Number of protein chains: 2
Amino acid sequence: MPYRKVKCIVSYDGSNYAGYQIQTNGATVQQMLEEAIERITKEKTTVYASGRTDAGVHAKGQVFHFCTSSSIPVEKWPFAFASQLPHDISVQSAEEVHDSFHARYDVVEKTYRYCVMNRRFPDVFFRRYAWHIPRPLNVEAMITASRFLVGVHDFTSFCSVRSEKEVKVREIYEITFDRDEEGMLWISFRGNGFLYNMVRIMVGTLVKIGLSEKPADSIAQILEAKDRKKAGPTAPPQGLFLWEVGY
Amino acid sequence: MPYRKVKCIVSYDGSNYAGYQIQTNGATVQQMLEEAIERITKEKTTVYASGRTDAGVHAKGQVFHFCTSSSIPVEKWPFAFASQLPHDISVQSAEEVHDSFHARYDVVEKTYRYCVMNRRFPDVFFRRYAWHIPRPLNVEAMITASRFLVGVHDFTSFCSVRSEKEVKVREIYEITFDRDEEGMLWISFRGNGFLYNMVRIMVGTLVKIGLSEKPADSIAQILEAKDRKKAGPTAPPQGLFLWEVGY
């Protein structure tokens with residue numbers, strides 16, 4: 001059988017998973033995908049994603065690839081997955097890619113979006129998909145602060161101390177804010193790569209600034225310090241979405 | 001103690017409830033509200049809503065009232081409820097009303113919204129809040145058909161045969177359609193009152209028309225027939241939201 005490489009875009013609700021990557025405590029998205037492929041093709045295979053997502057974090061447009069000798073036409077793969085995956089994981093598209101493609105190593109940029117529910121009482125329909133902040137946020141101060149994060153920086157202060165990456169320099173291309181009349185504040189981060197917990201620590205720090213617990217220009221000193229303790233708290237996982245991966 | 005009447009607006013995710021109204025099989029929203037009030041005030045009380053919602057149906061702006069001799073300031077009631085209610089029920093506001101107010105008998109109009117997820121593969125984040133229709137819908141035909149429903153009509157054909165209402169004449173003021181680029185189609189119905197399953201049967205019929213399984217002008221004959229069997233299927237509950245109640 002000819003061997004093919006298939007690239008897929010997948011959405012998942014991370015609420016019920018111990019993250020993307022296979023590990024020992026709890027079900028993971030990777031495990032669900034690999035088990036689904038095995039049931040479909042009777043082949044054991046490894047699924048390679050653009051990167052891991054933490055426990056409770058969602059994905060709208062995670063990308064993964066896998067290799068198969070199955071004769072299933074590539075456009076039928078989303079239907080095959082739909083027949084085998086639980087309702088909180090949905091493969092949106094599939095295409096055949098060149099053998100040189102790699103979902104992780106070929107990433108050019110990623111976009112994450114974080115949803116802050118800034119209203120006195122929660123919207124029950126967003127309770128699994130947002131961080132509820134009842135006190136009013138000064139969004140103008142958050143926008144001002146976000147400008148200090150855009151560009152090439154050493155993001156050591158915005159990275160979990162558990163990170164194993166040595167080089168902590170990354171480039172953020174853009175941070176945008178969208179707020180609707182229901183108080184849902186979406187903060188989008190587009191960059192060439194993100195460190196462990198980096199988006200959640202940036203959001204935790206921006207929210208501190210929005211609550212006037214830190215000045216907007218404190219970001220410059222926090223970056224300078226290269227010390228995780230200088231930044232704000234890690235925002236909770238349920239507001240974070242891996243939105244799009246660019247190649 | 002002076003006795004007071006409190007009017008509240010409540011949102012709930014109906015996924016885990018056997019409907020609004022107290023009954024024997026399964027937890028209901030009414031029961032959750034009455035038990036919360038009893039824990040807060042130590043008083044047994046009855047909660048009166050604008051109307052029931054079926055099992056699995058959601059509410060963004062359900063309205064209820066209750067009477068209490070508690071000294072809790074009325075503006076503190078949403079916080080008291082927040083301390084006692086599960087995360088899928090949230091009281092958004094409370095105000096004191098005149099003793100003559102009744103949440104059910106004083107209703108002037110209601111707005112329901114129904115979410116149809118019209119895209120090939122589901123959006124996992126809406127899976128509890130929409131009806132997934134993978135085949136493309138002809139929304140123009142649905143809009144044309146909806147015009148036959150607006151106005152004063154006998155809605156017998158669009159009412160569950162289990163309804164106990166004798167008079168089935170209602171007025172629909174407006175039906176509107178909003179579709180976003182993700183394929184979410186929201187259909188809003190504003191009227192002076194709705195019969196048992198009426199919105200869900202109208203949606204089921206409009207979707208049949210959108211799938212070209214019935215012509216758009218068939219609505220006129222369906223209304224005329226006064227026969228539930230002539231209309232389309234009852235759309236599933238999870239796409240329906242009681243959106244707003246007007247007094």
# chains A, B, ... in the order shown; residues from 1 in each chain; ligands from 1

$ residues_around --residues "Leu240 (chain B)" --least-positions-apart "4" --cutoff "8 Å" --atoms "only C-alpha atoms" --output "PDB file with all heavy atoms, in the first residue's frame"
ATOM      1  N   VAL B  57     -34.192  22.665  27.309  1.00  0.00           N
ATOM      2  CA  VAL B  57     -34.298  24.020  26.740  1.00  0.00           C
ATOM      3  C   VAL B  57     -33.615  25.005  27.699  1.00  0.00           C
ATOM      4  O   VAL B  57     -33.679  24.846  28.921  1.00  0.00           O
ATOM      5  CB  VAL B  57     -35.776  24.402  26.517  1.00  0.00           C
ATOM      6  CG1 VAL B  57     -35.932  25.872  26.139  1.00  0.00           C
ATOM      7  CG2 VAL B  57     -36.399  23.495  25.455  1.00  0.00           C
ATOM      8  N   HIS B  58     -32.956  26.017  27.118  1.00  0.00           N
ATOM      9  CA  HIS B  58     -32.205  26.991  27.903  1.00  0.00           C
ATOM     10  C   HIS B  58     -32.993  28.286  28.087  1.00  0.00           C
ATOM     11  O   HIS B  58     -33.967  28.535  27.380  1.00  0.00           O
ATOM     12  CB  HIS B  58     -30.896  27.329  27.187  1.00  0.00           C
ATOM     13  CG  HIS B  58     -30.181  26.125  26.671  1.00  0.00           C
ATOM     14  ND1 HIS B  58     -29.612  25.202  27.503  1.00  0.00           N
ATOM     15  CD2 HIS B  58     -29.973  25.677  25.406  1.00  0.00           C
ATOM     16  CE1 HIS B  58     -29.065  24.245  26.777  1.00  0.00           C
ATOM     17  NE2 HIS B  58     -29.272  24.507  25.498  1.00  0.00           N
ATOM     18  N   TYR B 112     -38.154  34.144  21.808  1.00  0.00           N
ATOM     19  CA  TYR B 112     -37.364  32.918  21.821  1.00  0.00           C
ATOM     20  C   TYR B 112     -36.343  33.008  20.699  1.00  0.00           C
ATOM     21  O   TYR B 112     -36.626  33.578  19.638  1.00  0.00           O
ATOM     22  CB  TYR B 112     -38.247  31.692  21.545  1.00  0.00           C
ATOM     23  CG  TYR B 112     -39.019  31.182  22.735  1.00  0.00           C
ATOM     24  CD1 TYR B 112     -40.311  31.614  22.989  1.00  0.00           C
ATOM     25  CD2 TYR B 112     -38.458  30.247  23.606  1.00  0.00           C
ATOM     26  CE1 TYR B 112     -41.029  31.136  24.085  1.00  0.00           C
ATOM     27  CE2 TYR B 112     -39.168  29.756  24.695  1.00  0.00           C
ATOM     28  CZ  TYR B 112     -40.447  30.204  24.930  1.00  0.00           C
ATOM     29  OH  TYR B 112     -41.148  29.728  26.008  1.00  0.00           O
ATOM     30  N   ARG B 113     -35.172  32.404  20.922  1.00  0.00           N
ATOM     31  CA  ARG B 113     -34.194  32.296  19.830  1.00  0.00           C
ATOM     32  C   ARG B 113     -33.799  30.833  19.701  1.00  0.00           C
ATOM     33  O   ARG B 113     -33.670  30.116  20.697  1.00  0.00           O
ATOM     34  CB  ARG B 113     -32.947  33.144  20.090  1.00  0.00           C
ATOM     35  CG  ARG B 113     -33.261  34.633  20.192  1.00  0.00           C
ATOM     36  CD  ARG B 113     -31.980  35.457  20.253  1.00  0.00           C
ATOM     37  NE  ARG B 113     -31.397  35.591  18.915  1.00  0.00           N
ATOM     38  CZ  ARG B 113     -30.215  36.141  18.666  1.00  0.00           C
ATOM     39  NH1 ARG B 113     -29.470  36.602  19.664  1.00  0.00           N
ATOM     40  NH2 ARG B 113     -29.748  36.223  17.428  1.00  0.00           N
ATOM     41  N   TYR B 114     -33.621  30.418  18.449  1.00  0.00           N
ATOM     42  CA  TYR B 114     -33.236  29.031  18.191  1.00  0.00           C
ATOM     43  C   TYR B 114     -31.956  29.051  17.359  1.00  0.00           C
ATOM     44  O   TYR B 114     -31.859  29.787  16.371  1.00  0.00           O
ATOM     45  CB  TYR B 114     -34.344  28.286  17.433  1.00  0.00           C
ATOM     46  CG  TYR B 114     -34.123  26.792  17.482  1.00  0.00           C
ATOM     47  CD1 TYR B 114     -34.799  25.994  18.409  1.00  0.00           C
ATOM     48  CD2 TYR B 114     -33.186  26.174  16.651  1.00  0.00           C
ATOM     49  CE1 TYR B 114     -34.552  24.627  18.496  1.00  0.00           C
ATOM     50  CE2 TYR B 114     -32.928  24.819  16.737  1.00  0.00           C
ATOM     51  CZ  TYR B 114     -33.626  24.054  17.657  1.00  0.00           C
ATOM     52  OH  TYR B 114     -33.373  22.699  17.747  1.00  0.00           O
ATOM     53  N   CYS B 115     -30.990  28.239  17.745  1.00  0.00           N
ATOM     54  CA  CYS B 115     -29.693  28.211  17.045  1.00  0.00           C
ATOM     55  C   CYS B 115     -29.554  26.931  16.219  1.00  0.00           C
ATOM     56  O   CYS B 115     -29.569  25.827  16.764  1.00  0.00           O
ATOM     57  CB  CYS B 115     -28.557  28.305  18.058  1.00  0.00           C
ATOM     58  SG  CYS B 115     -26.943  28.429  17.265  1.00  0.00           S
ATOM     59  N   TYR B 129     -25.782  23.691  22.498  1.00  0.00           N
ATOM     60  CA  TYR B 129     -26.610  24.885  22.351  1.00  0.00           C
ATOM     61  C   TYR B 129     -27.116  25.097  20.931  1.00  0.00           C
ATOM     62  O   TYR B 129     -27.447  26.227  20.563  1.00  0.00           O
ATOM     63  CB  TYR B 129     -25.808  26.119  22.813  1.00  0.00           C
ATOM     64  CG  TYR B 129     -25.182  25.943  24.173  1.00  0.00           C
ATOM     65  CD1 TYR B 129     -23.805  26.021  24.377  1.00  0.00           C
ATOM     66  CD2 TYR B 129     -25.995  25.649  25.281  1.00  0.00           C
ATOM     67  CE1 TYR B 129     -23.242  25.826  25.635  1.00  0.00           C
ATOM     68  CE2 TYR B 129     -25.444  25.461  26.547  1.00  0.00           C
ATOM     69  CZ  TYR B 129     -24.063  25.542  26.716  1.00  0.00           C
ATOM     70  OH  TYR B 129     -23.515  25.348  27.956  1.00  0.00           O
ATOM     71  N   ALA B 130     -27.152  24.056  20.134  1.00  0.00           N
ATOM     72  CA  ALA B 130     -27.576  24.225  18.745  1.00  0.00           C
ATOM     73  C   ALA B 130     -28.017  22.883  18.170  1.00  0.00           C
ATOM     74  O   ALA B 130     -27.703  21.822  18.717  1.00  0.00           O
ATOM     75  CB  ALA B 130     -26.427  24.791  17.914  1.00  0.00           C
ATOM     76  N   ARG B 200     -40.328  25.081  18.554  1.00  0.00           N
ATOM     77  CA  ARG B 200     -39.565  23.940  18.027  1.00  0.00           C
ATOM     78  C   ARG B 200     -40.229  23.342  16.781  1.00  0.00           C
ATOM     79  O   ARG B 200     -39.536  22.883  15.868  1.00  0.00           O
ATOM     80  CB  ARG B 200     -39.371  22.890  19.114  1.00  0.00           C
ATOM     81  CG  ARG B 200     -38.401  23.380  20.198  1.00  0.00           C
ATOM     82  CD  ARG B 200     -38.431  22.527  21.457  1.00  0.00           C
ATOM     83  NE  ARG B 200     -38.140  21.149  21.184  1.00  0.00           N
ATOM     84  CZ  ARG B 200     -38.296  20.158  22.082  1.00  0.00           C
ATOM     85  NH1 ARG B 200     -38.755  20.449  23.316  1.00  0.00           N
ATOM     86  NH2 ARG B 200     -37.997  18.933  21.767  1.00  0.00           N
ATOM     87  N   PRO B 236     -34.952  19.674  18.045  1.00  0.00           N
ATOM     88  CA  PRO B 236     -34.489  19.227  19.363  1.00  0.00           C
ATOM     89  C   PRO B 236     -34.366  20.393  20.349  1.00  0.00           C
ATOM     90  O   PRO B 236     -34.160  21.541  19.959  1.00  0.00           O
ATOM     91  CB  PRO B 236     -33.132  18.583  19.065  1.00  0.00           C
ATOM     92  CG  PRO B 236     -32.716  19.110  17.743  1.00  0.00           C
ATOM     93  CD  PRO B 236     -33.960  19.452  16.984  1.00  0.00           C
TER      94      PRO B 236
END

$ closest_atom_pairs --of "chain B" --to "chain A" --cutoff "7 Å" --atoms "only C-alpha atoms" --output "Markdown table"
| residue | atom | partner | partner_atom | distance |
| --- | --- | --- | --- | --- |
| B:Ser11 | CA | A:Val124 | CA | 6.7 |
| B:Tyr12 | CA | A:Val124 | CA | 6.2 |
| B:Asp13 | CA | A:Val124 | CA | 6.3 |
| B:His87 | CA | A:Val124 | CA | 6.9 |
| B:Asp88 | CA | A:Val124 | CA | 5.4 |
| B:Ile89 | CA | A:Val124 | CA | 6.6 |
| B:Ser90 | CA | A:Val124 | CA | 6.6 |
| B:Gln92 | CA | A:Phe121 | CA | 5.9 |
| B:Phe121 | CA | A:Gln92 | CA | 5.9 |
| B:Pro122 | CA | A:Ser90 | CA | 6.9 |
| B:Val124 | CA | A:Asp88 | CA | 5.4 |
| B:Phe125 | CA | A:Asp13 | CA | 6.4 |

$ write_last_selection --atoms "N, CA, C and O atoms" --output "PDB file, in the first residue's frame"
ATOM      1  N   SER B  11     -30.759  33.257  34.055  1.00  0.00           N
ATOM      2  CA  SER B  11     -30.252  32.473  32.917  1.00  0.00           C
ATOM      3  C   SER B  11     -30.020  31.054  33.380  1.00  0.00           C
ATOM      4  O   SER B  11     -29.536  30.847  34.498  1.00  0.00           O
ATOM      5  N   TYR B  12     -30.327  30.098  32.554  1.00  0.00           N
ATOM      6  CA  TYR B  12     -29.919  28.736  32.889  1.00  0.00           C
ATOM      7  C   TYR B  12     -29.605  27.926  31.650  1.00  0.00           C
ATOM      8  O   TYR B  12     -30.164  28.137  30.586  1.00  0.00           O
ATOM      9  N   ASP B  13     -28.652  27.031  31.849  1.00  0.00           N
ATOM     10  CA  ASP B  13     -28.289  26.042  30.848  1.00  0.00           C
ATOM     11  C   ASP B  13     -29.169  24.835  31.145  1.00  0.00           C
ATOM     12  O   ASP B  13     -29.027  24.186  32.182  1.00  0.00           O
ATOM     13  N   HIS B  87     -23.616  26.050  39.023  1.00  0.00           N
ATOM     14  CA  HIS B  87     -23.008  26.956  38.036  1.00  0.00           C
ATOM     15  C   HIS B  87     -23.822  27.097  36.757  1.00  0.00           C
ATOM     16  O   HIS B  87     -23.533  27.979  35.946  1.00  0.00           O
ATOM     17  N   ASP B  88     -24.817  26.242  36.545  1.00  0.00           N
ATOM     18  CA  ASP B  88     -25.588  26.350  35.309  1.00  0.00           C
ATOM     19  C   ASP B  88     -26.876  27.147  35.472  1.00  0.00           C
ATOM     20  O   ASP B  88     -27.690  27.205  34.545  1.00  0.00           O
ATOM     21  N   ILE B  89     -27.050  27.779  36.622  1.00  0.00           N
ATOM     22  CA  ILE B  89     -28.190  28.684  36.844  1.00  0.00           C
ATOM     23  C   ILE B  89     -27.629  29.964  37.454  1.00  0.00           C
ATOM     24  O   ILE B  89     -26.908  29.910  38.446  1.00  0.00           O
ATOM     25  N   SER B  90     -27.958  31.126  36.873  1.00  0.00           N
ATOM     26  CA  SER B  90     -27.407  32.381  37.393  1.00  0.00           C
ATOM     27  C   SER B  90     -28.458  33.481  37.356  1.00  0.00           C
ATOM     28  O   SER B  90     -28.942  33.860  36.292  1.00  0.00           O
ATOM     29  N   GLN B  92     -29.465  37.083  37.236  1.00  0.00           N
ATOM     30  CA  GLN B  92     -28.744  38.232  36.694  1.00  0.00           C
ATOM     31  C   GLN B  92     -29.156  39.547  37.339  1.00  0.00           C
ATOM     32  O   GLN B  92     -28.386  40.495  37.361  1.00  0.00           O
ATOM     33  N   PHE B 121     -19.194  20.095   9.702  1.00  0.00           N
ATOM     34  CA  PHE B 121     -18.760  19.468  10.955  1.00  0.00           C
ATOM     35  C   PHE B 121     -19.094  20.394  12.116  1.00  0.00           C
ATOM     36  O   PHE B 121     -18.976  21.607  11.997  1.00  0.00           O
ATOM     37  N   PRO B 122     -19.516  19.838  13.245  1.00  0.00           N
ATOM     38  CA  PRO B 122     -20.008  20.682  14.327  1.00  0.00           C
ATOM     39  C   PRO B 122     -18.932  21.562  14.958  1.00  0.00           C
ATOM     40  O   PRO B 122     -17.754  21.209  14.965  1.00  0.00           O
ATOM     41  N   VAL B 124     -17.595  22.325  18.252  1.00  0.00           N
ATOM     42  CA  VAL B 124     -17.712  21.582  19.524  1.00  0.00           C
ATOM     43  C   VAL B 124     -18.183  22.466  20.682  1.00  0.00           C
ATOM     44  O   VAL B 124     -18.788  21.963  21.626  1.00  0.00           O
ATOM     45  N   PHE B 125     -17.930  23.769  20.590  1.00  0.00           N
ATOM     46  CA  PHE B 125     -18.286  24.657  21.704  1.00  0.00           C
ATOM     47  C   PHE B 125     -19.780  24.978  21.720  1.00  0.00           C
ATOM     48  O   PHE B 125     -20.303  25.486  22.701  1.00  0.00           O
TER      49      PHE B 125
END

$ residues_around --residues "region 44-52 of chain A" --least-positions-apart "3" --cutoff "8 Å" --atoms "only C-alpha atoms" --output "PyMOL selection string"
chain A and resi 19-21+30+33-34+37-38+62-68+102-105+107+245

$ select_by_dssp --residues "region 75-205 of chain B" --states "strand (DSSP E or B)" --output "ChimeraX atom specification"
/B:89-97,109-117,131-132,151-154,169-179,184-191

$ select_by_dssp --residues "region 70-108 of chain B" --states "alpha helix (DSSP H)" --output "count of residues only"
8

$ closest_residue --among "A:Glu43, A:Glu171, A:Asp178, A:Asp54" --to "Phe241 (chain A)" --atoms "only C-alpha atoms"
A:Asp54

$ residues_around --residues "Gly210 (chain A)" --least-positions-apart "3" --cutoff "7 Å" --atoms "only C-alpha atoms" --output "list in words"
Leu137, Asn138, Val139, Ala141, Met142, Leu206 and Val207 of chain A

$ residues_around --residues "region 145-151 of chain B" --least-positions-apart "2" --cutoff "9 Å" --atoms "only C-alpha atoms" --output "number ranges by chain"
B: 140-143, 153, 155, 170-176, 191, 202, 206, 209, 215-220, 223

$ write_last_selection --atoms "N, CA, C and O atoms" --output "compact mmCIF listing (two decimals), in the first residue's frame"
# COMPACT_ATOMS: atom_id res chain seq x y z
N GLU B 140 -32.89 31.87 2.28
CA GLU B 140 -33.87 32.75 1.63
C GLU B 140 -35.26 32.12 1.63
O GLU B 140 -36.26 32.78 1.91
N ALA B 141 -35.32 30.82 1.33
CA ALA B 141 -36.63 30.13 1.34
C ALA B 141 -37.22 30.12 2.76
O ALA B 141 -38.43 30.28 2.94
N MET B 142 -36.35 29.96 3.77
CA MET B 142 -36.82 29.96 5.15
C MET B 142 -37.38 31.33 5.53
O MET B 142 -38.40 31.43 6.24
N ILE B 143 -36.72 32.40 5.06
CA ILE B 143 -37.19 33.76 5.36
C ILE B 143 -38.56 33.98 4.70
O ILE B 143 -39.50 34.49 5.32
N HIS B 153 -52.68 34.00 14.03
CA HIS B 153 -53.07 32.73 13.41
C HIS B 153 -53.51 31.73 14.47
O HIS B 153 -53.11 31.84 15.63
N PHE B 155 -52.56 28.40 15.66
CA PHE B 155 -51.33 27.63 15.52
C PHE B 155 -51.49 26.16 15.90
O PHE B 155 -50.52 25.51 16.29
N ARG B 170 -52.57 32.72 18.43
CA ARG B 170 -51.51 33.55 19.00
C ARG B 170 -51.08 34.55 17.93
O ARG B 170 -51.34 34.36 16.75
N GLU B 171 -50.37 35.58 18.37
CA GLU B 171 -49.84 36.54 17.40
C GLU B 171 -48.31 36.52 17.44
O GLU B 171 -47.71 36.68 18.51
N ILE B 172 -47.70 36.34 16.28
CA ILE B 172 -46.24 36.48 16.17
C ILE B 172 -45.97 37.85 15.57
O ILE B 172 -46.48 38.18 14.49
N TYR B 173 -45.18 38.66 16.28
CA TYR B 173 -44.90 40.02 15.82
C TYR B 173 -43.78 40.03 14.79
O TYR B 173 -43.79 40.85 13.87
N GLU B 174 -42.82 39.13 14.99
CA GLU B 174 -41.60 39.26 14.18
C GLU B 174 -40.81 37.95 14.22
O GLU B 174 -40.71 37.32 15.27
N ILE B 175 -40.27 37.58 13.06
CA ILE B 175 -39.32 36.46 12.99
C ILE B 175 -38.10 36.99 12.24
O ILE B 175 -38.23 37.52 11.14
N THR B 176 -36.92 36.87 12.86
CA THR B 176 -35.71 37.38 12.19
C THR B 176 -34.65 36.29 12.14
O THR B 176 -34.63 35.37 12.95
N GLY B 191 -43.40 37.23 20.03
CA GLY B 191 -44.86 37.15 19.92
C GLY B 191 -45.53 37.34 21.26
O GLY B 191 -44.86 37.47 22.29
N MET B 202 -42.15 25.12 14.65
CA MET B 202 -41.91 26.10 13.58
C MET B 202 -40.49 25.94 13.04
O MET B 202 -40.28 25.95 11.81
N LEU B 206 -39.43 25.03 9.28
CA LEU B 206 -38.58 25.95 8.50
C LEU B 206 -37.33 25.23 7.99
O LEU B 206 -36.88 25.47 6.87
N ILE B 209 -38.11 23.23 4.99
CA ILE B 209 -38.20 24.13 3.83
C ILE B 209 -36.80 24.53 3.37
O ILE B 209 -36.50 24.53 2.17
N PRO B 215 -42.13 23.15 0.06
CA PRO B 215 -42.04 24.50 -0.52
C PRO B 215 -42.30 25.58 0.54
O PRO B 215 -42.97 25.33 1.54
N ALA B 216 -41.76 26.78 0.28
CA ALA B 216 -41.88 27.88 1.25
C ALA B 216 -43.33 28.25 1.51
O ALA B 216 -43.70 28.61 2.63
N ASP B 217 -44.18 28.15 0.48
CA ASP B 217 -45.57 28.59 0.68
C ASP B 217 -46.44 27.49 1.29
O ASP B 217 -47.65 27.69 1.46
N SER B 218 -45.85 26.35 1.64
CA SER B 218 -46.64 25.29 2.28
C SER B 218 -47.13 25.71 3.67
O SER B 218 -48.08 25.14 4.19
N ILE B 219 -46.49 26.71 4.25
CA ILE B 219 -46.90 27.17 5.59
C ILE B 219 -48.38 27.56 5.61
O ILE B 219 -49.10 27.25 6.56
N ALA B 220 -48.84 28.22 4.54
CA ALA B 220 -50.25 28.66 4.49
C ALA B 220 -51.18 27.47 4.63
O ALA B 220 -52.13 27.50 5.44
N LEU B 223 -51.00 25.90 8.24
CA LEU B 223 -51.79 26.66 9.22
C LEU B 223 -53.28 26.35 9.04
O LEU B 223 -54.00 26.08 10.01

$ residues_around --residues "region 72-75 of chain A" --least-positions-apart "6" --cutoff "8 Å" --atoms "only C-alpha atoms" --output "list in words"
Val6, Ser93, Ala94, Glu95 and Glu96 of chain A

$ write_last_selection --atoms "N, CA and C atoms" --output "CSV table (one decimal), in the first residue's frame"
chain,number,residue,atom,x,y,z
A,6,VAL,N,-1.3,12.7,6.2
A,6,VAL,CA,-2.5,13.5,6.2
A,6,VAL,C,-2.4,14.6,7.3
A,93,SER,N,-11.3,19.4,8.9
A,93,SER,CA,-10.8,19.2,7.6
A,93,SER,C,-9.6,18.3,7.5
A,94,ALA,N,-9.3,17.7,6.4
A,94,ALA,CA,-8.1,16.9,6.2
A,94,ALA,C,-7.6,17.1,4.8
A,95,GLU,N,-6.3,17.1,4.6
A,95,GLU,CA,-5.7,17.2,3.3
A,95,GLU,C,-4.4,16.3,3.2
A,96,GLU,N,-4.1,15.9,2.1
A,96,GLU,CA,-2.8,15.1,2.0
A,96,GLU,C,-1.7,16.1,1.8

$ atom_distance --atom1 "CA of Ser15 (chain A)" --atom2 "CA of Thr53 (chain A)"
11.8 Å

$ atom_distance --atom1 "CA of Met117 (chain B)" --atom2 "CA of Lys76 (chain A)"
20.7 Å

$ closest_residue --among "A:Ile22, A:Ala55, A:Ile187, A:Ile9" --to "Val199 (chain A)" --atoms "only C-alpha atoms"
A:Ile187

$ atom_distance --atom1 "CA of Val169 (chain A)" --atom2 "CA of Lys229 (chain A)"
17.9 Å

$ residues_around --residues "Gly232 (chain B)" --least-positions-apart "2" --cutoff "10 Å" --atoms "only C-alpha atoms" --output "JSON, numbers by chain"
{"B": [157, 158, 200, 201, 202, 203, 204, 205, 206, 207, 208, 209, 213, 214, 222, 228, 229, 230, 234, 235]}

$ write_last_selection --atoms "N, CA and C atoms" --output "JSON list (two decimals), in the first residue's frame"
[["chain", "number", "residue", "atom", "x", "y", "z"],
["B", 157, "SER", "N", -51.63, 23.54, 14.16],
["B", 157, "SER", "CA", -50.69, 22.67, 13.43],
["B", 157, "SER", "C", -49.27, 22.75, 13.98],
["B", 158, "PHE", "N", -48.98, 23.83, 14.72],
["B", 158, "PHE", "CA", -47.64, 24.03, 15.26],
["B", 158, "PHE", "C", -47.63, 23.86, 16.78],
["B", 200, "ARG", "N", -40.33, 25.08, 18.55],
["B", 200, "ARG", "CA", -39.56, 23.94, 18.03],
["B", 200, "ARG", "C", -40.23, 23.34, 16.78],
["B", 201, "ILE", "N", -41.56, 23.34, 16.73],
["B", 201, "ILE", "CA", -42.23, 22.82, 15.52],
["B", 201, "ILE", "C", -42.08, 23.81, 14.36],
["B", 202, "MET", "N", -42.15, 25.12, 14.65],
["B", 202, "MET", "CA", -41.91, 26.10, 13.58],
["B", 202, "MET", "C", -40.49, 25.94, 13.04],
["B", 203, "VAL", "N", -39.51, 25.76, 13.92],
["B", 203, "VAL", "CA", -38.12, 25.58, 13.46],
["B", 203, "VAL", "C", -37.99, 24.29, 12.65],
["B", 204, "GLY", "N", -38.57, 23.22, 13.15],
["B", 204, "GLY", "CA", -38.49, 21.94, 12.41],
["B", 204, "GLY", "C", -39.08, 22.07, 11.01],
["B", 205, "THR", "N", -40.15, 22.85, 10.89],
["B", 205, "THR", "CA", -40.80, 23.04, 9.60],
["B", 205, "THR", "C", -39.96, 23.97, 8.70],
["B", 206, "LEU", "N", -39.43, 25.03, 9.28],
["B", 206, "LEU", "CA", -38.58, 25.95, 8.50],
["B", 206, "LEU", "C", -37.33, 25.23, 7.99],
["B", 207, "VAL", "N", -36.77, 24.34, 8.80],
["B", 207, "VAL", "CA", -35.58, 23.59, 8.36],
["B", 207, "VAL", "C", -35.94, 22.65, 7.20],
["B", 208, "LYS", "N", -37.10, 22.00, 7.26],
["B", 208, "LYS", "CA", -37.57, 21.17, 6.13],
["B", 208, "LYS", "C", -37.63, 22.00, 4.85],
["B", 209, "ILE", "N", -38.11, 23.23, 4.99],
["B", 209, "ILE", "CA", -38.20, 24.13, 3.83],
["B", 209, "ILE", "C", -36.80, 24.53, 3.37],
["B", 213, "GLU", "N", -37.32, 20.23, 1.25],
["B", 213, "GLU", "CA", -38.20, 19.06, 1.39],
["B", 213, "GLU", "C", -39.67, 19.47, 1.46],
["B", 214, "LYS", "N", -39.91, 20.78, 1.57],
["B", 214, "LYS", "CA", -41.25, 21.35, 1.52],
["B", 214, "LYS", "C", -41.11, 22.70, 0.82],
["B", 222, "ILE", "N", -50.43, 24.51, 5.86],
["B", 222, "ILE", "CA", -50.22, 23.85, 7.16],
["B", 222, "ILE", "C", -51.05, 24.56, 8.25],
["B", 228, "ARG", "N", -51.47, 18.93, 13.51],
["B", 228, "ARG", "CA", -50.04, 18.81, 13.85],
["B", 228, "ARG", "C", -49.28, 17.96, 12.85],
["B", 229, "LYS", "N", -49.93, 16.96, 12.29],
["B", 229, "LYS", "CA", -49.22, 16.04, 11.39],
["B", 229, "LYS", "C", -48.78, 16.71, 10.08],
["B", 230, "LYS", "N", -49.40, 17.85, 9.74],
["B", 230, "LYS", "CA", -49.03, 18.52, 8.48],
["B", 230, "LYS", "C", -47.71, 19.31, 8.60],
["B", 234, "THR", "N", -40.53, 18.26, 15.36],
["B", 234, "THR", "CA", -40.19, 19.12, 16.49],
["B", 234, "THR", "C", -38.66, 19.19, 16.59],
["B", 235, "ALA", "N", -38.11, 20.39, 16.42],
["B", 235, "ALA", "CA", -36.65, 20.54, 16.50],
["B", 235, "ALA", "C", -36.18, 20.17, 17.91]]

$ closest_residue --among "B:Ala231, B:Glu182, B:Cys8, B:Ser69" --to "Lys42 (chain B)" --atoms "only C-alpha atoms"
B:Ser69
